[in-house]
>>> print(open('input_29.csv').read())   # CSV, C-alpha atoms and all ligand atoms
chain,number,residue,atom,x,y,z
A,28,GLY,CA,31.5,-18.4,-13.2
A,29,ASN,CA,27.8,-17.5,-12.8
A,30,ARG,CA,28.4,-13.9,-11.7
A,31,TYR,CA,25.6,-11.6,-12.9
A,32,THR,CA,27.1,-8.9,-15.0
A,33,GLY,CA,24.1,-6.9,-16.2
A,34,LEU,CA,21.4,-7.2,-18.7
A,35,ILE,CA,23.4,-6.7,-21.9
A,36,ASN,CA,25.5,-9.8,-21.1
A,37,ARG,CA,22.5,-11.8,-20.1
A,38,TYR,CA,20.4,-10.9,-23.2
A,39,ARG,CA,23.2,-10.2,-25.7
A,40,ASP,CA,21.5,-12.3,-28.4
A,41,TYR,CA,18.4,-10.1,-28.3
A,42,LEU,CA,20.3,-6.8,-28.3
A,43,PRO,CA,22.1,-4.8,-31.0
A,44,ILE,CA,25.7,-5.3,-29.9
A,45,SER,CA,28.6,-7.3,-31.2
A,46,ASP,CA,31.2,-9.5,-29.5
A,47,ASP,CA,33.7,-6.6,-29.5
A,48,THR,CA,31.3,-4.1,-28.0
A,49,ARG,CA,32.7,-2.6,-24.7
A,50,ILE,CA,29.8,-2.9,-22.3
A,51,ILE,CA,29.1,-0.1,-19.9
A,52,SER,CA,27.3,-1.8,-17.0
A,53,LEU,CA,26.6,-1.4,-13.3
A,54,GLY,CA,24.9,-4.8,-12.9
A,55,GLU,CA,21.4,-3.4,-13.8
A,56,GLY,CA,18.4,-5.6,-14.3
A,57,ASN,CA,17.5,-9.0,-12.7
A,58,THR,CA,15.2,-7.2,-10.3
A,59,PRO,CA,12.7,-9.1,-8.0
A,60,LEU,CA,9.2,-10.0,-9.1
A,61,ILE,CA,7.4,-9.9,-5.8
A,62,ARG,CA,4.0,-11.5,-5.3
A,63,LEU,CA,1.7,-9.4,-3.2
A,64,LYS,CA,0.3,-11.2,-0.1
A,65,ASN,CA,-1.8,-8.8,1.9
A,66,ILE,CA,-3.4,-6.4,-0.5
A,67,PRO,CA,-5.2,-9.0,-2.5
A,68,LYS,CA,-6.8,-10.3,0.7
A,69,LEU,CA,-7.7,-6.8,1.8
A,70,ILE,CA,-9.6,-6.1,-1.4
A,71,GLY,CA,-11.2,-9.6,-1.3
A,72,LYS,CA,-10.4,-10.5,-4.9
A,73,ASP,CA,-9.0,-13.7,-6.3
A,74,VAL,CA,-6.1,-12.3,-8.3
A,75,ASP,CA,-2.4,-12.9,-8.6
A,76,ILE,CA,-0.6,-9.5,-8.4
A,77,TYR,CA,3.1,-9.2,-8.8
A,78,VAL,CA,5.2,-6.1,-8.6
A,79,LYS,CA,8.4,-5.8,-10.6
A,80,TYR,CA,10.6,-3.8,-8.2
A,81,GLU,CA,12.7,-1.7,-10.6
A,82,GLY,CA,13.6,0.6,-7.7
A,83,LEU,CA,16.4,-2.0,-7.0
A,84,ASN,CA,18.4,-1.1,-10.0
A,85,PRO,CA,21.8,0.5,-9.4
A,86,THR,CA,20.5,4.1,-9.5
A,87,GLY,CA,17.1,3.2,-8.2
A,88,SER,CA,15.0,3.2,-11.3
A,89,PHE,CA,14.2,1.3,-14.5
A,90,LYS,CA,16.1,3.9,-16.4
A,91,ASP,CA,19.3,1.9,-15.8
A,92,ARG,CA,18.1,-0.8,-18.2
A,93,GLY,CA,17.9,1.8,-21.0
A,94,MET,CA,21.0,3.7,-20.0
A,95,THR,CA,23.4,0.7,-20.1
A,96,MET,CA,22.4,0.2,-23.7
A,97,ALA,CA,22.4,3.9,-24.7
A,98,VAL,CA,25.8,4.7,-23.1
A,99,THR,CA,27.3,1.5,-24.4
A,100,LYS,CA,26.3,2.4,-27.9
A,101,ALA,CA,27.3,6.1,-27.5
A,102,VAL,CA,30.8,5.1,-26.4
A,103,GLU,CA,31.0,2.5,-29.2
A,104,GLU,CA,30.1,5.2,-31.7
A,105,GLY,CA,32.8,7.5,-30.3
A,106,SER,CA,30.7,9.9,-28.4
A,107,LYS,CA,32.4,11.9,-25.6
A,108,ALA,CA,29.3,13.4,-24.1
A,109,ILE,CA,25.6,12.6,-23.5
A,110,ILE,CA,22.7,14.8,-22.8
A,111,CYS,CA,19.1,14.4,-21.6
A,112,ALA,CA,16.1,16.2,-20.3
A,113,SER,CA,14.7,14.6,-17.2
A,114,THR,CA,12.2,14.7,-14.4
A,115,GLY,CA,15.0,13.2,-12.4
A,116,ASN,CA,15.5,9.4,-12.9
A,117,THR,CA,16.9,9.5,-16.5
A,118,SER,CA,19.3,12.2,-15.4
A,119,ALA,CA,20.5,10.1,-12.4
A,120,ALA,CA,21.0,7.1,-14.7
A,121,ALA,CA,22.7,9.1,-17.4
A,122,ALA,CA,25.1,10.7,-14.9
A,123,ALA,CA,26.0,7.4,-13.4
A,124,TYR,CA,26.6,5.5,-16.6
A,125,ALA,CA,28.6,8.5,-18.0
A,126,ALA,CA,30.8,8.4,-14.9
A,127,ARG,CA,31.3,4.7,-15.4
A,128,ALA,CA,32.2,5.2,-19.1
A,129,GLY,CA,34.5,8.2,-18.4
A,130,ILE,CA,32.5,10.6,-20.6
A,131,LYS,CA,30.6,13.8,-19.8
A,132,ALA,CA,26.9,14.1,-19.0
A,133,PHE,CA,24.7,17.1,-19.3
A,134,VAL,CA,21.3,17.0,-17.8
A,135,LEU,CA,18.4,19.5,-18.0
A,136,ILE,CA,16.0,19.3,-15.1
A,137,PRO,CA,13.0,21.5,-14.2
A,138,GLU,CA,14.1,23.7,-11.4
A,139,GLY,CA,12.3,22.9,-8.1
A,140,LYS,CA,10.3,20.1,-9.6
A,141,ILE,CA,12.5,17.1,-9.1
A,142,ALA,CA,12.8,14.9,-6.0
A,143,MET,CA,15.8,15.5,-3.7
A,144,GLY,CA,17.4,12.1,-4.1
A,145,LYS,CA,17.5,12.5,-7.8
A,146,LEU,CA,19.1,15.9,-7.7
A,147,ALA,CA,21.7,14.5,-5.2
A,148,GLN,CA,22.4,11.7,-7.6
A,149,ALA,CA,23.0,13.9,-10.7
A,150,MET,CA,25.4,16.1,-8.8
A,151,MET,CA,27.3,13.3,-7.0
A,152,TYR,CA,27.9,11.4,-10.2
A,153,GLY,CA,29.3,14.6,-11.6
A,154,ALA,CA,26.8,15.5,-14.3
A,155,ILE,CA,26.7,19.1,-15.4
A,156,THR,CA,23.2,19.8,-14.0
A,157,LEU,CA,21.3,22.6,-15.8
A,158,GLN,CA,18.2,23.5,-13.9
A,159,ILE,CA,15.9,25.2,-16.3
A,160,ARG,CA,13.1,27.6,-15.6
A,161,GLY,CA,10.7,25.5,-17.4
A,162,ASN,CA,9.2,22.0,-17.3
A,163,PHE,CA,10.3,18.6,-18.8
A,164,ASP,CA,8.7,19.2,-22.1
A,165,ASP,CA,10.6,22.5,-22.5
A,166,GLY,CA,13.8,20.7,-21.6
A,167,MET,CA,13.1,17.9,-24.1
A,168,GLU,CA,12.7,20.5,-27.0
A,169,LEU,CA,15.9,22.2,-26.0
A,170,VAL,CA,17.9,19.0,-25.9
A,171,LYS,CA,16.7,18.0,-29.4
A,172,GLN,CA,17.7,21.4,-30.7
A,173,VAL,CA,21.1,21.7,-29.0
A,174,ALA,CA,22.1,18.2,-30.3
A,175,SER,CA,22.6,19.8,-33.7
A,176,GLN,CA,24.8,22.5,-32.3
A,177,ALA,CA,27.1,20.6,-29.9
A,178,PRO,CA,28.7,17.2,-30.0
A,179,VAL,CA,26.4,15.4,-27.6
A,180,THR,CA,24.4,12.2,-27.9
A,181,ILE,CA,20.8,12.3,-26.7
A,182,VAL,CA,20.0,9.6,-24.2
A,183,ASN,CA,16.3,10.3,-23.7
A,184,SER,CA,14.0,7.5,-24.9
A,185,VAL,CA,13.9,9.0,-28.4
A,186,ASN,CA,17.3,7.2,-28.5
A,187,PRO,CA,16.2,3.8,-29.8
A,188,TYR,CA,18.8,1.9,-27.8
A,189,ARG,CA,17.1,3.0,-24.6
A,190,LEU,CA,13.9,1.0,-25.5
A,191,GLN,CA,16.1,-2.0,-26.5
A,192,GLY,CA,17.6,-2.1,-23.0
A,193,GLN,CA,14.3,-1.6,-21.3
A,194,LYS,CA,12.5,-4.4,-23.2
A,195,THR,CA,14.5,-6.9,-21.1
A,196,ALA,CA,12.2,-6.3,-18.1
A,197,ALA,CA,9.5,-8.2,-20.1
A,198,PHE,CA,12.0,-11.0,-20.8
A,199,GLU,CA,12.7,-11.4,-17.1
A,200,ILE,CA,9.0,-11.5,-16.2
A,201,VAL,CA,8.2,-14.1,-18.8
A,202,GLU,CA,11.0,-16.3,-17.7
A,203,GLU,CA,10.0,-16.0,-14.0
A,204,LEU,CA,6.3,-16.7,-14.5
A,205,GLY,CA,6.9,-19.3,-17.2
A,206,ARG,CA,4.5,-17.3,-19.4
A,207,ALA,CA,3.3,-13.7,-20.0
A,208,PRO,CA,1.0,-12.2,-17.4
A,209,ASP,CA,-2.6,-11.4,-18.5
A,210,TYR,CA,-2.2,-7.7,-17.7
A,211,HIS,CA,0.9,-5.5,-17.4
A,212,CYS,CA,0.4,-2.2,-15.7
A,213,LEU,CA,2.8,0.8,-15.9
A,214,PRO,CA,2.9,4.4,-15.0
A,215,VAL,CA,3.1,6.5,-18.2
A,216,GLY,CA,5.0,9.7,-18.7
A,217,ASN,CA,6.8,9.8,-22.1
A,218,ALA,CA,5.4,6.3,-22.8
A,219,GLY,CA,8.8,4.9,-23.6
A,220,ASN,CA,8.7,2.2,-21.0
A,221,ILE,CA,5.3,0.8,-22.0
A,222,THR,CA,6.5,0.7,-25.6
A,223,ALA,CA,9.7,-1.0,-24.6
A,224,HIS,CA,7.9,-3.7,-22.6
A,225,TRP,CA,5.6,-4.4,-25.5
A,226,ILE,CA,8.6,-4.9,-27.8
A,227,GLY,CA,10.0,-7.3,-25.2
A,228,TYR,CA,6.8,-9.3,-24.9
A,229,CYS,CA,6.4,-9.4,-28.7
A,230,GLU,CA,9.9,-10.6,-29.3
A,231,TYR,CA,9.5,-13.4,-26.7
A,232,SER,CA,6.2,-14.5,-28.1
A,233,THR,CA,6.9,-14.7,-31.8
A,234,PRO,CA,5.0,-17.8,-33.0
A,235,ALA,CA,6.9,-20.8,-34.4
A,236,GLY,CA,7.9,-20.3,-38.0
A,237,HIS,CA,7.9,-16.5,-37.5
A,238,LYS,CA,9.7,-14.4,-40.0
A,239,PRO,CA,10.7,-10.9,-39.0
A,240,THR,CA,9.1,-8.4,-41.4
A,241,ASP,CA,8.0,-4.8,-41.1
A,242,SER,CA,4.3,-5.8,-41.1
A,243,CYS,CA,4.7,-8.4,-38.3
A,244,SER,CA,2.5,-7.4,-35.4
A,245,PHE,CA,4.8,-9.2,-33.0
A,246,CYS,CA,8.2,-7.7,-33.9
A,247,ASN,CA,7.7,-5.0,-36.6
A,248,GLY,CA,10.7,-6.4,-38.3
A,249,HIS,CA,13.0,-6.0,-35.3
A,250,CYS,CA,13.4,-9.4,-34.0
A,251,ARG,CA,16.0,-11.8,-35.2
A,252,PHE,CA,14.2,-14.9,-34.1
A,253,THR,CA,12.0,-17.5,-35.8
A,254,GLY,CA,9.9,-18.6,-32.8
A,255,GLY,CA,10.3,-17.1,-29.4
A,256,PRO,CA,9.9,-19.1,-26.2
A,257,MET,CA,6.3,-18.0,-25.5
A,258,ASN,CA,4.6,-18.9,-28.7
A,259,GLY,CA,2.0,-16.2,-29.0
A,260,SER,CA,1.0,-15.2,-25.5
A,261,ARG,CA,1.1,-11.5,-24.7
A,262,PRO,CA,-0.4,-9.3,-21.9
A,263,LYS,CA,-2.9,-6.5,-22.2
A,264,MET,CA,-0.8,-3.3,-21.6
A,265,ILE,CA,-2.4,-0.8,-19.3
A,266,GLY,CA,-0.9,2.7,-18.8
A,267,TYR,CA,-1.8,4.9,-15.9
A,268,GLN,CA,-1.2,8.6,-15.8
A,269,ALA,CA,-1.5,11.3,-13.1
A,270,ALA,CA,-4.7,13.2,-13.6
A,271,GLY,CA,-2.9,16.6,-13.9
A,272,SER,CA,-0.5,15.2,-16.5
A,273,ALA,CA,-2.7,12.9,-18.6
A,274,PRO,CA,-2.4,13.7,-22.3
A,275,PHE,CA,-3.5,10.2,-23.3
A,276,MET,CA,-6.8,10.8,-21.5
A,277,ARG,CA,-7.2,14.4,-22.8
A,278,GLY,CA,-6.3,13.2,-26.4
A,279,GLU,CA,-3.9,16.1,-26.8
A,280,ALA,CA,-0.7,17.5,-25.2
A,281,VAL,CA,-1.2,19.1,-21.7
A,282,LYS,CA,0.3,22.6,-21.6
A,283,ASN,CA,1.1,23.0,-17.9
A,284,PRO,CA,1.3,19.5,-16.5
A,285,GLU,CA,1.1,19.2,-12.7
A,286,THR,CA,1.3,16.3,-10.2
A,287,VAL,CA,2.9,15.3,-7.0
A,288,ALA,CA,4.4,12.4,-8.9
A,289,THR,CA,7.0,14.6,-10.5
A,290,ALA,CA,8.6,11.7,-12.4
A,291,ILE,CA,5.6,11.7,-14.7
A,292,ARG,CA,4.9,15.4,-14.8
A,293,ILE,CA,5.0,15.4,-18.6
A,294,GLY,CA,2.5,17.0,-21.0
A,295,ASN,CA,3.8,16.0,-24.4
A,296,PRO,CA,4.9,12.3,-24.4
A,297,GLN,CA,7.7,11.5,-26.9
A,298,SER,CA,6.5,8.0,-27.6
A,299,TRP,CA,2.8,9.0,-28.1
A,300,LYS,CA,2.2,7.2,-31.4
A,301,GLN,CA,4.0,4.0,-30.3
A,302,ALA,CA,2.0,3.9,-27.1
A,303,LEU,CA,-1.3,4.2,-28.9
A,304,LYS,CA,-0.2,1.3,-31.1
A,305,VAL,CA,0.7,-0.7,-28.0
A,306,GLN,CA,-2.8,-0.1,-26.6
A,307,GLU,CA,-4.5,-1.1,-29.8
A,308,GLU,CA,-2.4,-4.2,-30.5
A,309,SER,CA,-2.5,-5.5,-26.9
A,310,GLY,CA,-6.1,-4.7,-26.2
A,311,GLY,CA,-5.2,-2.6,-23.2
A,312,TRP,CA,-6.2,0.9,-22.1
A,313,PHE,CA,-5.1,4.2,-20.5
A,314,ASP,CA,-6.5,5.7,-17.4
A,315,GLU,CA,-5.7,8.4,-14.8
A,316,LEU,CA,-5.3,8.7,-11.0
A,317,SER,CA,-5.6,11.7,-8.8
A,318,ASP,CA,-2.6,12.7,-6.7
A,319,GLN,CA,-4.4,11.5,-3.6
A,320,GLU,CA,-5.0,8.1,-5.1
A,321,ILE,CA,-1.3,7.9,-6.0
A,322,LEU,CA,-0.1,8.8,-2.6
A,323,ASP,CA,-2.6,6.5,-0.8
A,324,MET,CA,-1.4,3.6,-2.9
A,325,GLN,CA,2.2,4.4,-2.3
A,326,ARG,CA,1.6,4.4,1.4
A,327,GLN,CA,-0.5,1.2,1.4
A,328,LEU,CA,2.1,-0.7,-0.6
A,329,ALA,CA,4.7,0.3,2.0
A,330,MET,CA,2.5,-0.4,5.0
A,331,TYR,CA,0.9,-3.6,3.9
A,332,GLU,CA,3.6,-5.2,1.8
A,333,GLY,CA,6.9,-3.6,2.9
A,334,ILE,CA,7.6,-2.3,-0.5
A,335,PHE,CA,8.6,1.4,-0.9
A,336,CYS,CA,8.3,2.9,-4.3
A,337,GLU,CA,8.2,6.5,-5.4
A,338,PRO,CA,4.9,8.2,-6.1
A,339,ALA,CA,4.9,7.9,-9.9
A,340,SER,CA,5.4,4.1,-9.5
A,341,ALA,CA,2.4,3.7,-7.3
A,342,ALA,CA,0.2,4.8,-10.2
A,343,SER,CA,0.6,1.3,-11.8
A,344,ILE,CA,-0.5,-0.6,-8.7
A,345,GLY,CA,-3.1,2.0,-7.7
A,346,GLY,CA,-4.7,1.9,-11.1
A,347,ALA,CA,-4.6,-1.9,-11.2
A,348,ILE,CA,-6.3,-2.2,-7.8
A,349,ARG,CA,-9.0,0.1,-8.9
A,350,ASP,CA,-9.6,-1.8,-12.1
A,351,ILE,CA,-9.6,-5.1,-10.2
A,352,LYS,CA,-12.2,-3.7,-7.8
A,353,ASN,CA,-14.4,-2.5,-10.6
A,354,GLY,CA,-14.1,-5.7,-12.6
A,355,ARG,CA,-12.4,-4.3,-15.6
A,356,ILE,CA,-9.5,-6.7,-14.7
A,357,PRO,CA,-11.4,-9.9,-14.0
A,358,GLU,CA,-10.8,-12.3,-11.1
A,359,GLY,CA,-8.5,-15.2,-11.9
A,360,SER,CA,-6.1,-12.8,-13.7
A,361,THR,CA,-2.3,-12.7,-13.3
A,362,ILE,CA,-1.2,-9.1,-13.2
A,363,VAL,CA,2.2,-7.5,-13.2
A,364,CYS,CA,2.7,-3.9,-12.1
A,365,THR,CA,6.0,-2.2,-12.7
A,366,LEU,CA,7.3,-0.2,-9.7
A,367,THR,CA,9.5,2.1,-11.7
A,368,GLY,CA,11.5,3.8,-9.0
A,369,ASN,CA,12.6,3.5,-5.4
A,370,GLY,CA,10.7,5.3,-2.6
A,371,LEU,CA,14.0,6.7,-1.2
A,372,LYS,CA,14.3,9.0,-4.3
A,373,ASP,CA,11.7,11.3,-2.9
A,374,PRO,CA,11.9,11.5,0.9
A,375,ASP,CA,10.2,14.9,1.1
A,376,THR,CA,6.9,13.7,-0.3
A,377,ALA,CA,7.0,10.6,1.9
A,378,ILE,CA,7.7,12.5,5.1
A,379,ALA,CA,5.1,15.1,4.2
A,380,GLN,CA,2.6,12.4,3.8
A,381,CYS,CA,3.3,10.7,7.1
A,382,ASN,CA,3.5,13.9,9.2
A,383,ASN,CA,0.6,14.3,11.6
A,384,THR,CA,0.0,10.6,11.6
A,385,ALA,CA,0.3,8.2,14.5
A,386,VAL,CA,3.6,6.8,13.1
A,387,LEU,CA,5.6,9.8,14.1
A,388,LYS,CA,5.8,11.1,17.7
A,389,THR,CA,8.3,13.2,19.6
A,390,ILE,CA,8.9,12.2,23.2
A,391,ASP,CA,11.3,12.8,26.0
A,392,ALA,CA,14.3,10.5,26.3
A,393,THR,CA,12.8,8.7,29.3
A,394,LEU,CA,11.9,5.0,29.8
A,395,ASP,CA,8.4,6.0,30.9
A,396,GLN,CA,7.6,7.8,27.7
A,397,VAL,CA,9.1,5.0,25.5
A,398,ARG,CA,7.2,2.3,27.3
A,399,ASP,CA,4.0,4.3,27.3
A,400,SER,CA,4.3,4.9,23.6
A,401,ILE,CA,4.7,1.2,22.9
A,402,LEU,CA,1.7,0.2,25.2
A,403,GLN,CA,-0.5,2.9,23.7
A,404,SER,CA,0.3,2.0,20.1
A,405,MET,CA,-0.4,-1.6,20.9
A,406,GLY,CA,-3.7,-0.7,22.5
A,407,LEU,CA,-2.6,-2.1,25.9
A,501,LIG,N1,8.1,6.1,-13.4
A,501,LIG,C1,9.2,6.8,-13.0
A,501,LIG,C2,9.7,6.7,-11.7
A,501,LIG,C3,9.8,7.6,-14.0
A,501,LIG,O1,10.9,8.3,-13.7
A,501,LIG,C4,9.3,7.7,-15.3
A,501,LIG,C5,9.9,8.6,-16.3
A,501,LIG,C6,8.1,7.0,-15.6
A,501,LIG,C7,7.5,6.2,-14.6
A,501,LIG,C8,7.5,7.0,-16.9
A,501,LIG,O2,8.2,6.3,-17.9
A,501,LIG,O3,8.4,8.1,-19.5
A,501,LIG,O4,8.8,5.7,-20.1
A,501,LIG,O5,6.5,6.5,-19.7
A,501,LIG,N2,10.8,9.4,-16.1
A,501,LIG,C9,11.6,10.2,-17.1
A,501,LIG,C10,12.8,10.8,-16.4
A,501,LIG,C11,10.7,11.1,-17.8
A,501,LIG,O6,13.2,11.9,-16.9
A,501,LIG,O7,13.3,10.3,-15.5
A,501,LIG,P1,8.0,6.7,-19.4
>>> encode(input="input_29.csv", output="structure tokens")
Amino acid sequence: GNRYTGLINRYRDYLPISDDTRIISLGEGNTPLIRLKNIPKLIGKDVDIYVKYEGLNPTGSFKDRGMTMAVTKAVEEGSKAIICASTGNTSAAAAAYAARAGIKAFVLIPEGKIAMGKLAQAMMYGAITLQIRGNFDDGMELVKQVASQAPVTIVNSVNPYRLQGQKTAAFEIVEELGRAPDYHCLPVGNAGNITAHWIGYCEYSTPAGHKPTDSCSFCNGHCRFTGGPMNGSRPKMIGYQAAGSAPFMRGEAVKNPETVATAIRIGNPQSWKQALKVQEESGGWFDELSDQEILDMQRQLAMYEGIFCEPASAASIGGAIRDIKNGRIPEGSTIVCTLTGNGLKDPDTAIAQCNNTAVLKTIDATLDQVRDSILQSMGL
């Protein structure tokens, strides 16, 4: 039948698997591309803005795209355990796909610096959850070191299968729009996802007669196709970081990264070189947003469009809106912003942001007070 069974099955011709590969899937991918209706009017600009709502993946973030591939290949190669360092979403995905595969997951997370929903997920899926007294970058170094001393497969984005899975988001966007967007905006932490999207766009846009070689600027020798469906069109890739964790803006690693957007609280990105290459090849750029800009955008997207993403995700759309307003992204453009994770992941930050606002009131359980609240809120 037509039952959707996950991105590996859908894009198996573009992924490094064989007919015999046992696929570990939770039905990830195939997420909605939602066209914004109200925010473009509010800013008074003639632009087509779409958000790719990756928060609707099985564990609530884009990490599921990479994890279905990484765990499928780990199992295929005989691995009995996986490990990752994480700011919360990778660990949730690793835990879930390991549970599905029947193997063990070990996750290293920065103590006190991951959103509650993500911590709940790692524990519920049964991952051995190691809270470290250190940040993500410390955890990443430890994971790389321990992998030579214990039989565990690393499923951070340094695992090349992760990016292979994540590139499929670009395929979905191109298929839905019928072409590549002019601009694609993403929040950047380790810079794996921006790299993965570029791989996807490049593979889908290989010109007719293309031959995959190492020097090919479209596929770097990776793609197995001679002429993708898009014949040359690729977006400019724009990466937005949180100001307190913006190594790409500083031009060097950030020692003690800080931001309310804990998902991208990263000072030493693992895919640094690849992301610079993406910026150069695509003609895009990096920029940074303050925590307040990130939170304001998160709330506006929820209030004006009905779309609830986590703080880190709002960096993409927040940066895009700023660059549309200032003209760096010209009118007439088609823009896709990836909303990397679901707003429900981080209820504490959301509630803290809405406290002391008119949306929350405590009243007596009386008809009088309920009616008066309604009339007052409606200005009647
Ligand atoms: N948005 C969210 C919600 C994330 O969880 C991450 C990364 C990013 C954006 C940045 O993506 O690292 O590929 O540039 N989260 C990782 C984790 C670090 O451990 O969950 P990137």
>>> residues_near_ligand(input="input_29.csv", ligand="ligand LIG 501 (chain A)", cutoff="7 Å", atoms="all atoms listed in the file", output="JSON, numbers by chain")
{"A": [88, 112, 113, 114, 115, 116, 117, 118, 214, 215, 216, 217, 218, 219, 220, 221, 290, 291, 337, 339, 340, 367, 368]}
>>> residues_around(input="input_29.csv", residues="Pro262 of chain A", least_positions_apart="3", cutoff="12 Å", atoms="all atoms listed in the file", output="VMD selection string")
chain A and resid 197 200 to 201 206 to 212 221 224 to 229 231 to 232 257 259 265 305 to 306 308 to 312 356 360 to 364
>>> residues_around(input="input_29.csv", residues="Ala377 of chain A", least_positions_apart="2", cutoff="12 Å", atoms="only C-alpha atoms", output="ChimeraX atom specification")
/A:142-143,287-288,321-326,329,335-338,369-375,379-382,384
>>> write_last_selection(input="input_29.csv", atoms="C-alpha atoms", output="mmCIF file, in the frame of the given file")
data_model
loop_
_atom_site.group_PDB
_atom_site.id
_atom_site.type_symbol
_atom_site.label_atom_id
_atom_site.label_comp_id
_atom_site.auth_asym_id
_atom_site.auth_seq_id
_atom_site.Cartn_x
_atom_site.Cartn_y
_atom_site.Cartn_z
ATOM 1 C CA ALA A 142 12.800 14.900 -6.000
ATOM 2 C CA MET A 143 15.800 15.500 -3.700
ATOM 3 C CA VAL A 287 2.900 15.300 -7.000
ATOM 4 C CA ALA A 288 4.400 12.400 -8.900
ATOM 5 C CA ILE A 321 -1.300 7.900 -6.000
ATOM 6 C CA LEU A 322 -0.100 8.800 -2.600
ATOM 7 C CA ASP A 323 -2.600 6.500 -0.800
ATOM 8 C CA MET A 324 -1.400 3.600 -2.900
ATOM 9 C CA GLN A 325 2.200 4.400 -2.300
ATOM 10 C CA ARG A 326 1.600 4.400 1.400
ATOM 11 C CA ALA A 329 4.700 0.300 2.000
ATOM 12 C CA PHE A 335 8.600 1.400 -0.900
ATOM 13 C CA CYS A 336 8.300 2.900 -4.300
ATOM 14 C CA GLU A 337 8.200 6.500 -5.400
ATOM 15 C CA PRO A 338 4.900 8.200 -6.100
ATOM 16 C CA ASN A 369 12.600 3.500 -5.400
ATOM 17 C CA GLY A 370 10.700 5.300 -2.600
ATOM 18 C CA LEU A 371 14.000 6.700 -1.200
ATOM 19 C CA LYS A 372 14.300 9.000 -4.300
ATOM 20 C CA ASP A 373 11.700 11.300 -2.900
ATOM 21 C CA PRO A 374 11.900 11.500 0.900
ATOM 22 C CA ASP A 375 10.200 14.900 1.100
ATOM 23 C CA ALA A 379 5.100 15.100 4.200
ATOM 24 C CA GLN A 380 2.600 12.400 3.800
ATOM 25 C CA CYS A 381 3.300 10.700 7.100
ATOM 26 C CA ASN A 382 3.500 13.900 9.200
ATOM 27 C CA THR A 384 0.000 10.600 11.600
#
>>> residues_around(input="input_29.csv", residues="Asp314 of chain A", least_positions_apart="5", cutoff="9 Å", atoms="only C-alpha atoms", output="number ranges by chain")
A: 265-270, 273, 275-276, 346
>>> atom_distance(input="input_29.csv", atom1="atom CA of Ala120 of chain A", atom2="atom CA of Lys90 of chain A")
6.1 Å
>>> closest_residue(input="input_29.csv", among="A:Leu366, A:Ile378, A:Ile181, A:Ala128", to="Val102 of chain A", atoms="only C-alpha atoms")
A:Ala128
>>> atom_distance(input="input_29.csv", atom1="atom CA of Ile351 of chain A", atom2="atom CA of Thr365 of chain A")
16.1 Å
>>> atom_distance(input="input_29.csv", atom1="atom CA of Ala125 of chain A", atom2="atom CA of Ile109 of chain A")
7.5 Å
>>> residues_near_point(input="input_29.csv", point="(32.9, -2.8, -29.2)", cutoff="9 Å", atoms="only C-alpha atoms", output="PyMOL selection string")
chain A and resi 44-50+99-100+102-104
>>> closest_residue(input="input_29.csv", among="A:Pro274, A:Pro284, A:Pro85, A:Pro187", to="Leu303 of chain A", atoms="only C-alpha atoms")
A:Pro274
>>> residues_around(input="input_29.csv", residues="segment 167-177 of chain A", least_positions_apart="6", cutoff="12 Å", atoms="only C-alpha atoms", output="PyMOL selection string")
chain A and resi 106-114+117+133-137+157+159+161+183-186+217+293-297
>>> closest_residue(input="input_29.csv", among="A:Gln396, A:Gln327, A:Asn162, A:Thr180", to="Val281 of chain A", atoms="only C-alpha atoms")
A:Asn162
>>> residues_around(input="input_29.csv", residues="Ala385 of chain A", least_positions_apart="5", cutoff="12 Å", atoms="only C-alpha atoms", output="ChimeraX atom specification")
/A:380,400-401,403-405
>>> closest_residue(input="input_29.csv", among="A:Ile141, A:Leu387, A:Gly71, A:Asp165", to="Asn283 of chain A", atoms="all atoms listed in the file")
A:Asp165
